[in-house]
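Text of start.cif, listed as mmCIF, C-alpha atoms:
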```cif
data_data
#
loop_
_atom_site.label_atom_id
_atom_site.label_comp_id
_atom_site.auth_asym_id
_atom_site.auth_seq_id
_atom_site.Cartn_x
_atom_site.Cartn_y
_atom_site.Cartn_z
CA MET A 121 -85.82 -30.94 15.21
CA ASP A 122 -87.87 -31.37 12.03
CA ILE A 123 -90.81 -29.11 11.18
CA ALA A 124 -93.43 -31.43 12.73
CA ASP A 125 -91.48 -31.54 16.02
CA THR A 126 -91.14 -27.76 15.92
CA ARG A 127 -94.89 -27.39 15.49
CA ARG A 128 -95.55 -29.77 18.40
CA ALA A 129 -93.16 -27.87 20.66
CA ARG A 130 -94.63 -24.50 19.64
CA LEU A 131 -98.15 -25.80 20.29
CA ARG A 132 -97.13 -27.07 23.74
CA LEU A 133 -95.78 -23.63 24.63
CA TRP A 134 -98.94 -21.93 23.39
CA PHE A 135 -101.09 -24.51 25.18
CA THR A 136 -99.67 -23.72 28.64
CA SER A 137 -101.15 -20.21 28.72
CA ARG A 138 -104.63 -21.15 27.50
CA THR A 139 -107.72 -22.60 29.16
CA LEU A 140 -109.65 -24.64 26.65
CA PRO A 141 -112.67 -26.95 26.83
CA ALA A 142 -111.87 -30.66 27.09
CA THR A 143 -113.40 -31.25 23.66
CA GLU A 144 -110.82 -28.96 22.04
CA LYS A 145 -107.94 -30.31 24.14
CA SER A 146 -108.53 -33.76 22.69
CA TYR A 147 -107.49 -32.85 19.13
CA LEU A 148 -104.64 -30.61 20.30
CA SER A 149 -103.35 -33.44 22.47
CA GLN A 150 -103.28 -35.73 19.45
CA LEU A 151 -101.19 -33.16 17.58
CA MET A 152 -98.81 -32.53 20.48
CA THR A 153 -98.16 -36.22 21.13
CA GLY A 154 -97.78 -37.23 17.48
CA ARG A 155 -100.96 -39.29 17.29
CA ALA A 156 -102.27 -36.95 14.58
CA SER A 157 -100.42 -35.69 11.54
CA PHE A 158 -99.14 -32.13 11.96
CA GLY A 159 -98.76 -31.08 8.36
CA GLU A 160 -98.91 -27.72 6.63
CA ARG A 161 -102.69 -27.64 6.37
CA ALA A 162 -103.22 -28.48 10.05
CA ALA A 163 -100.69 -25.86 11.17
CA ARG A 164 -102.19 -23.05 9.12
CA ARG A 165 -105.73 -23.98 10.19
CA LEU A 166 -104.78 -23.88 13.88
CA GLU A 167 -103.09 -20.50 13.46
CA ARG A 168 -106.19 -19.13 11.79
CA ASP A 169 -108.71 -20.68 14.19
CA TYR A 170 -106.88 -19.64 17.38
CA GLY A 171 -105.67 -16.21 16.31
CA MET A 172 -101.95 -17.05 16.10
CA ASP A 173 -99.66 -15.10 13.82
CA LEU A 174 -99.24 -16.69 10.42
CA GLY A 175 -96.22 -19.00 10.61
CA TYR A 176 -96.09 -18.97 14.42
CA LEU A 177 -96.09 -22.75 14.67
CA ASP A 178 -93.18 -23.02 12.24
CA SER A 179 -90.92 -20.57 14.08
CA PRO A 180 -87.91 -22.25 15.76
CA VAL A 181 -88.08 -22.88 19.50
CA GLU A 182 -85.36 -21.11 21.47
CA SER A 183 -83.08 -23.21 23.67
CA GLY A 184 -84.66 -21.88 26.86
CA GLU A 185 -88.15 -22.65 25.59
CA GLU A 186 -87.30 -26.12 24.31
CA SER A 187 -86.85 -27.70 27.74
CA LEU A 188 -90.18 -26.24 28.88
CA ALA A 189 -91.98 -27.44 25.77
CA MET A 190 -90.62 -30.96 26.14
CA SER A 191 -91.55 -31.14 29.83
CA LEU A 192 -95.24 -30.44 29.41
CA PRO A 193 -97.59 -33.35 30.17
CA GLU A 194 -98.56 -35.40 27.15
CA GLN A 195 -101.22 -37.64 28.65
CA PRO A 196 -104.50 -37.52 26.74
CA PRO A 197 -107.22 -35.63 28.61
CA VAL A 198 -110.40 -37.15 29.90
CA ILE A 199 -113.21 -36.17 27.57
CA GLN A 200 -116.59 -35.39 29.07
CA ILE A 201 -119.54 -36.09 26.82
CA GLN A 202 -122.34 -33.99 28.28
CA ARG A 203 -126.03 -34.84 28.15
CA PHE A 204 -128.22 -33.31 25.47
CA ASP A 205 -130.10 -30.26 26.73
CA THR A 206 -133.77 -30.91 26.06
CA GLY A 207 -134.87 -27.35 26.70
CA GLY A 208 -132.21 -24.76 25.97
CA ALA A 209 -131.75 -24.53 22.22
CA MET A 210 -135.41 -24.09 21.25
CA GLY A 211 -136.55 -21.97 24.17
CA HIS A 212 -139.02 -24.64 25.32
CA GLY A 213 -138.67 -28.19 26.50
CA ILE A 214 -139.30 -31.36 24.56
CA GLU A 215 -141.01 -34.41 26.00
CA LEU A 216 -139.14 -37.70 26.11
CA ARG A 217 -141.72 -40.29 27.12
CA ASP A 218 -140.87 -43.14 29.50
CA GLN A 219 -137.41 -41.91 30.41
CA PRO A 220 -136.39 -43.30 33.84
CA GLY A 221 -134.01 -40.53 34.86
CA VAL A 222 -131.09 -39.17 32.87
CA ILE A 223 -127.37 -39.84 32.46
CA GLU A 224 -125.64 -36.51 33.06
CA THR A 225 -122.26 -37.20 31.48
CA LEU A 226 -119.92 -39.86 30.12
CA ARG A 227 -116.19 -39.57 30.84
CA VAL A 228 -113.99 -41.32 28.30
CA SER A 229 -110.33 -41.30 27.38
CA ASN A 230 -109.06 -40.07 24.06
CA GLU A 231 -107.99 -43.64 23.26
CA TRP A 232 -111.53 -44.92 23.88
CA LEU A 233 -112.93 -42.22 21.62
CA SER A 234 -110.57 -42.95 18.75
CA LYS A 235 -111.16 -46.71 18.94
CA ASN A 236 -114.90 -46.78 19.55
CA LEU A 237 -116.47 -43.88 17.68
CA LYS A 238 -116.16 -43.32 13.95
CA ASN A 239 -117.40 -40.72 11.49
CA TYR A 240 -118.49 -37.98 13.90
CA THR A 241 -118.40 -34.33 12.87
CA ALA A 242 -116.41 -33.06 15.88
CA VAL A 243 -115.73 -34.08 19.48
CA LYS A 244 -117.59 -31.00 20.71
CA ASN A 245 -120.73 -32.23 18.90
CA LEU A 246 -120.94 -35.49 20.86
CA VAL A 247 -123.68 -35.70 23.48
CA VAL A 248 -125.17 -38.44 25.63
CA VAL A 249 -128.89 -39.15 25.39
CA THR A 250 -130.65 -41.40 27.90
CA GLY A 251 -132.82 -43.98 26.15
CA PHE A 252 -136.58 -43.50 26.47
CA GLY A 253 -139.64 -45.51 25.48
CA ASP A 254 -139.65 -49.12 24.29
CA SER A 255 -140.14 -48.54 20.56
CA MET A 256 -136.47 -49.27 19.81
CA ARG A 257 -136.23 -52.51 21.75
CA PRO A 258 -134.25 -54.74 21.45
CA MET A 259 -131.65 -52.21 20.25
CA PHE A 260 -131.73 -50.39 23.60
CA ASN A 261 -133.96 -50.06 26.66
CA PRO A 262 -135.29 -47.01 28.51
CA GLY A 263 -132.46 -45.69 30.67
CA ASP A 264 -129.63 -46.97 28.45
CA PRO A 265 -126.88 -44.57 27.31
CA LEU A 266 -126.73 -43.44 23.69
CA ILE A 267 -124.17 -41.19 22.03
CA ALA A 268 -125.44 -38.75 19.41
CA ASP A 269 -123.66 -36.39 17.01
CA ILE A 270 -125.52 -33.06 17.09
CA GLY A 271 -123.42 -31.77 14.23
CA VAL A 272 -125.81 -33.71 11.97
CA LYS A 273 -128.92 -31.62 11.34
CA ALA A 274 -130.41 -33.27 8.26
CA VAL A 275 -131.40 -36.75 7.11
CA GLU A 276 -128.86 -37.15 4.34
CA PHE A 277 -128.83 -40.96 4.46
CA ASP A 278 -130.73 -43.76 6.17
CA ALA A 279 -129.66 -44.07 9.82
CA ILE A 280 -130.94 -43.75 13.37
CA TYR A 281 -131.67 -40.18 14.39
CA PHE A 282 -132.70 -38.22 17.46
CA PHE A 283 -135.36 -35.71 16.44
CA ARG A 284 -138.57 -34.01 17.41
CA VAL A 285 -141.99 -33.52 15.90
CA GLY A 286 -143.68 -30.65 17.67
CA THR A 287 -142.67 -30.87 21.32
CA GLU A 288 -142.22 -34.64 21.43
CA GLY A 289 -138.82 -36.25 21.02
CA PHE A 290 -138.15 -39.47 19.14
CA ILE A 291 -135.32 -41.85 18.35
CA LYS A 292 -136.12 -43.78 15.18
CA ARG A 293 -134.56 -45.24 12.11
CA LEU A 294 -135.28 -42.68 9.38
CA GLN A 295 -135.49 -43.89 5.81
CA ARG A 296 -135.44 -41.66 2.73
CA ILE A 297 -138.06 -42.76 0.22
CA PRO A 298 -138.39 -41.08 -3.21
CA THR A 299 -141.97 -40.55 -4.40
CA GLU A 300 -143.69 -38.73 -7.25
CA GLN A 301 -144.37 -35.87 -4.83
CA GLY A 302 -140.76 -35.65 -3.73
CA LEU A 303 -138.61 -37.17 -1.01
CA LEU A 304 -140.45 -38.79 1.89
CA ILE A 305 -138.94 -39.55 5.30
CA ARG A 306 -140.29 -42.64 7.00
CA ALA A 307 -139.82 -43.28 10.74
CA LYS A 308 -139.32 -46.93 11.65
CA SER A 309 -139.09 -48.60 15.08
CA GLU A 310 -137.07 -51.66 15.97
CA ASN A 311 -139.94 -52.97 18.10
CA VAL A 312 -142.31 -54.72 15.69
CA SER A 313 -145.28 -53.76 17.89
CA TYR A 314 -144.96 -50.18 16.61
CA ASP A 315 -146.17 -49.03 13.20
CA THR A 316 -144.05 -47.03 10.81
CA TRP A 317 -145.14 -43.47 10.09
CA ASP A 318 -144.19 -40.73 7.70
CA ILE A 319 -142.82 -37.27 8.39
CA THR A 320 -144.61 -34.84 6.09
CA PRO A 321 -143.46 -31.35 5.06
CA LYS A 322 -146.25 -29.75 7.13
CA MET A 323 -144.95 -31.27 10.37
CA ASP A 324 -142.82 -29.22 12.79
CA PHE A 325 -139.80 -31.50 12.36
CA GLU A 326 -136.24 -30.93 13.57
CA VAL A 327 -133.24 -33.26 13.58
CA PHE A 328 -131.18 -32.99 16.77
CA GLY A 329 -128.48 -35.42 15.70
CA ARG A 330 -127.55 -38.88 14.49
CA ILE A 331 -127.20 -41.75 16.95
CA LEU A 332 -123.68 -43.20 16.74
CA LYS A 333 -123.56 -45.76 19.54
CA VAL A 334 -125.99 -47.44 21.91
CA TRP A 335 -125.66 -49.80 24.86
CA ARG A 336 -128.31 -52.34 25.78
CA SER A 337 -128.68 -53.16 29.46
CA GLU A 338 -129.78 -56.51 30.85
CA ASP A 339 -131.00 -57.32 34.35
CA PHE A 340 -129.45 -60.25 36.22
#
```

Could you write out this file's structure as structure tokens?
Amino acid sequence: MDIADTRRARLRLWFTSRTLPATEKSYLSQLMTGRASFGERAARRLERDYGMDLGYLDSPVESGEESLAMSLPEQPPVIQIQRFDTGGAMGHGIELRDQPGVIETLRVSNEWLSKNLKNYTAVKNLVVVTGFGDSMRPMFNPGDPLIADIGVKAVEFDAIYFFRVGTEGFIKRLQRIPTEQGLLIRAKSENVSYDTWDITPKMDFEVFGRILKVWRSEDF
């Protein structure tokens, strides 16, 4: 077998004796099944990150191990995108106004993830947020599911963000505006009934993440 096949077989053998979160299994599954490139850089990074001996993934698989490695299941795991915890990280809760209950988790396949979500920092950083308030209508309604990337902690470009000011949570389009006094961040709603407002340096402001995908429900 070539070096990539050797690495896949070695990873399958290592994988059988480990219990890993579903978010980590997703990427490893892509490597083991050939859906992701298993080059030199990826191999060395895995060895470093998971405490393997240097070169472990390149070591030949013995004949007795090969049949075991090839027999391991290769189906992509179900990925659970958990809800954002509104109280744990800061030590106190945040208020999400007009939120009609919460969506606890989204279960998606690896194929769905690869085809429907782009440009996220890591699978483990994906969370589900239940839509609240009507300021972002018609983009989404209260109670609709949203997926956010909590690996994004700063407003580096104009986009829709999940953030807080004080103890109140918001989902708004944040726009970077240069001024003579420095960079200004302006919060804009989709609902034209709401005014725009500015986030000033004196405000207790924290970015939770960037919104990647929203669904808009309709009643029939």

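Residue nearest Gln202 of chain A within the list A:Pro220, A:Gly251, A:Pro265, A:Gly175: A:Pro265 [criterion: smallest interatomic distance, only C-alpha atoms].
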
ask   = Hey, what comes out of the PyMOL selection byres ((chain A and resi 280) around 12) on this file? Could you write it as a ChimeraX atom specification?
value = /A:256,259,266-269,272,274-279,281-283,290-296,306-310,327-334

task = Provide the atom CA of Ile214 of chain A to atom CA of Val249 of chain A distance in Å, to one decimal place.
result = 13.0 Å

request  = Show which residues sit within 8 Å of segment 154-171 of chain A, as an NGL selection string. Count only C-alpha atoms, and ignore same-chain residues fewer than 4 positions away.
outcome  = :A and (124 or 127-128 or 150 or 175-177)

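Going from atom CA of Asp205 of chain A over to atom CA of Leu246 of chain A, you cover 12.1 Å.
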
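For the set A:Ser255, A:Ile201, A:Leu216, A:Asn230, the residue with the smallest atom-to-atom gap to Asp315 of chain A is A:Ser255, counting all atoms listed in the file.
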
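What separates atom CA of Met152 of chain A from atom CA of Gln200 of chain A is a distance of 20.0 Å.
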
ask   = Within 12 Å of (-123.2, -55.4, 28.1), only C-alpha atoms: residues as a ChimeraX atom specification?
value = /A:259-260,264-265,334-340

message = Report as a list of chain:residue names all protein, DNA and RNA residues lying within 8 Å of Gly286 of chain A, evaluated on all atoms listed in the file, omitting residues in the same chain fewer than 4 positions from it.
response = A:Met323, A:Asp324, A:Phe325

Output of the above residues as a PDB file, keeping the file's coordinate frame, restricted to C-alpha atoms:
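Everything below was put into out14.pdb:
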```pdb
ATOM      1  CA  MET A 323    -144.950 -31.270  10.370  1.00  0.00           C
ATOM      2  CA  ASP A 324    -142.820 -29.220  12.790  1.00  0.00           C
ATOM      3  CA  PHE A 325    -139.800 -31.500  12.360  1.00  0.00           C
TER       4      PHE A 325
END
```

query = Restricting the calculation to all atoms listed in the file, which member of A:Arg203, A:Asn245, A:Val198, A:Tyr147 is positioned closest to Trp232 of chain A?
reply = A:Val198

task = Determine the residue set returned by the PyMOL selection byres ((chain A and resi 130) around 8) for the present structure, and present it as a count of residues only.
result = 14

Starting from the incomplete input, reconstruct all heavy atoms of segment 221-232 of chain A and report them as a short mmCIF file (atom, residue, chain, number, x, y, z; two decimals), in the coordinates of the input.
```
data_model
loop_
_atom_site.label_atom_id
_atom_site.label_comp_id
_atom_site.auth_asym_id
_atom_site.auth_seq_id
_atom_site.Cartn_x
_atom_site.Cartn_y
_atom_site.Cartn_z
N GLY A 221 -135.19 -41.28 34.44
CA GLY A 221 -134.01 -40.53 34.86
C GLY A 221 -133.09 -40.26 33.68
O GLY A 221 -133.35 -40.68 32.56
N VAL A 222 -132.01 -39.53 33.94
CA VAL A 222 -131.09 -39.17 32.87
C VAL A 222 -129.65 -39.47 33.27
O VAL A 222 -129.31 -39.50 34.45
CB VAL A 222 -131.20 -37.68 32.49
CG1 VAL A 222 -132.58 -37.36 31.95
CG2 VAL A 222 -130.88 -36.78 33.67
N ILE A 223 -128.82 -39.71 32.28
CA ILE A 223 -127.37 -39.84 32.46
C ILE A 223 -126.78 -38.47 32.18
O ILE A 223 -126.93 -37.92 31.09
CB ILE A 223 -126.80 -40.90 31.51
CG1 ILE A 223 -127.42 -42.27 31.82
CG2 ILE A 223 -125.28 -40.96 31.62
CD1 ILE A 223 -127.08 -43.33 30.80
N GLU A 224 -126.12 -37.89 33.18
CA GLU A 224 -125.64 -36.51 33.06
C GLU A 224 -124.42 -36.38 32.17
O GLU A 224 -124.27 -35.42 31.43
CB GLU A 224 -125.34 -35.95 34.45
CG GLU A 224 -126.57 -35.72 35.31
CD GLU A 224 -127.45 -34.60 34.78
OE1 GLU A 224 -126.94 -33.76 34.00
OE2 GLU A 224 -128.63 -34.55 35.13
N THR A 225 -123.49 -37.33 32.26
CA THR A 225 -122.26 -37.20 31.48
C THR A 225 -121.58 -38.55 31.34
O THR A 225 -121.77 -39.45 32.17
CB THR A 225 -121.29 -36.20 32.15
OG1 THR A 225 -120.14 -36.00 31.32
CG2 THR A 225 -120.83 -36.71 33.52
N LEU A 226 -120.80 -38.71 30.29
CA LEU A 226 -119.92 -39.86 30.12
C LEU A 226 -118.49 -39.33 30.08
O LEU A 226 -118.20 -38.36 29.37
CB LEU A 226 -120.23 -40.61 28.82
CG LEU A 226 -121.58 -41.32 28.72
CD1 LEU A 226 -121.73 -41.96 27.34
CD2 LEU A 226 -121.73 -42.39 29.79
N ARG A 227 -117.60 -39.96 30.83
CA ARG A 227 -116.19 -39.57 30.84
C ARG A 227 -115.39 -40.68 30.17
O ARG A 227 -115.39 -41.83 30.62
CB ARG A 227 -115.71 -39.35 32.28
CG ARG A 227 -116.34 -38.14 32.95
CD ARG A 227 -116.06 -38.14 34.45
NE ARG A 227 -114.64 -38.14 34.74
CZ ARG A 227 -113.88 -37.05 34.81
NH1 ARG A 227 -114.43 -35.85 34.60
NH2 ARG A 227 -112.60 -37.12 35.11
N VAL A 228 -114.73 -40.33 29.08
CA VAL A 228 -113.99 -41.32 28.30
C VAL A 228 -112.59 -40.79 28.01
O VAL A 228 -112.35 -39.58 28.01
CB VAL A 228 -114.71 -41.67 26.99
CG1 VAL A 228 -116.12 -42.17 27.26
CG2 VAL A 228 -114.75 -40.46 26.04
N SER A 229 -111.68 -41.70 27.77
CA SER A 229 -110.33 -41.30 27.38
C SER A 229 -110.28 -41.03 25.89
O SER A 229 -111.14 -41.48 25.12
CB SER A 229 -109.32 -42.41 27.74
OG SER A 229 -109.52 -43.53 26.91
N ASN A 230 -109.25 -40.34 25.48
CA ASN A 230 -109.06 -40.07 24.06
C ASN A 230 -108.87 -41.37 23.29
O ASN A 230 -109.33 -41.52 22.16
CB ASN A 230 -107.86 -39.15 23.85
CG ASN A 230 -107.71 -38.73 22.41
OD1 ASN A 230 -108.52 -38.01 21.87
ND2 ASN A 230 -106.65 -39.21 21.78
N GLU A 231 -108.19 -42.34 23.92
CA GLU A 231 -107.99 -43.64 23.26
C GLU A 231 -109.33 -44.34 23.03
O GLU A 231 -109.56 -44.91 21.96
CB GLU A 231 -107.09 -44.53 24.12
CG GLU A 231 -106.82 -45.89 23.50
CD GLU A 231 -105.99 -46.78 24.40
OE1 GLU A 231 -105.82 -46.44 25.59
OE2 GLU A 231 -105.53 -47.83 23.93
N TRP A 232 -110.21 -44.30 24.04
CA TRP A 232 -111.53 -44.92 23.88
C TRP A 232 -112.28 -44.28 22.72
O TRP A 232 -112.89 -44.96 21.90
CB TRP A 232 -112.34 -44.79 25.17
CG TRP A 232 -113.66 -45.50 25.11
CD1 TRP A 232 -113.94 -46.76 25.54
CD2 TRP A 232 -114.89 -45.00 24.54
NE1 TRP A 232 -115.25 -47.08 25.29
CE2 TRP A 232 -115.86 -46.02 24.67
CE3 TRP A 232 -115.26 -43.79 23.95
CZ2 TRP A 232 -117.18 -45.87 24.23
CZ3 TRP A 232 -116.56 -43.63 23.50
CH2 TRP A 232 -117.51 -44.67 23.65
#
```
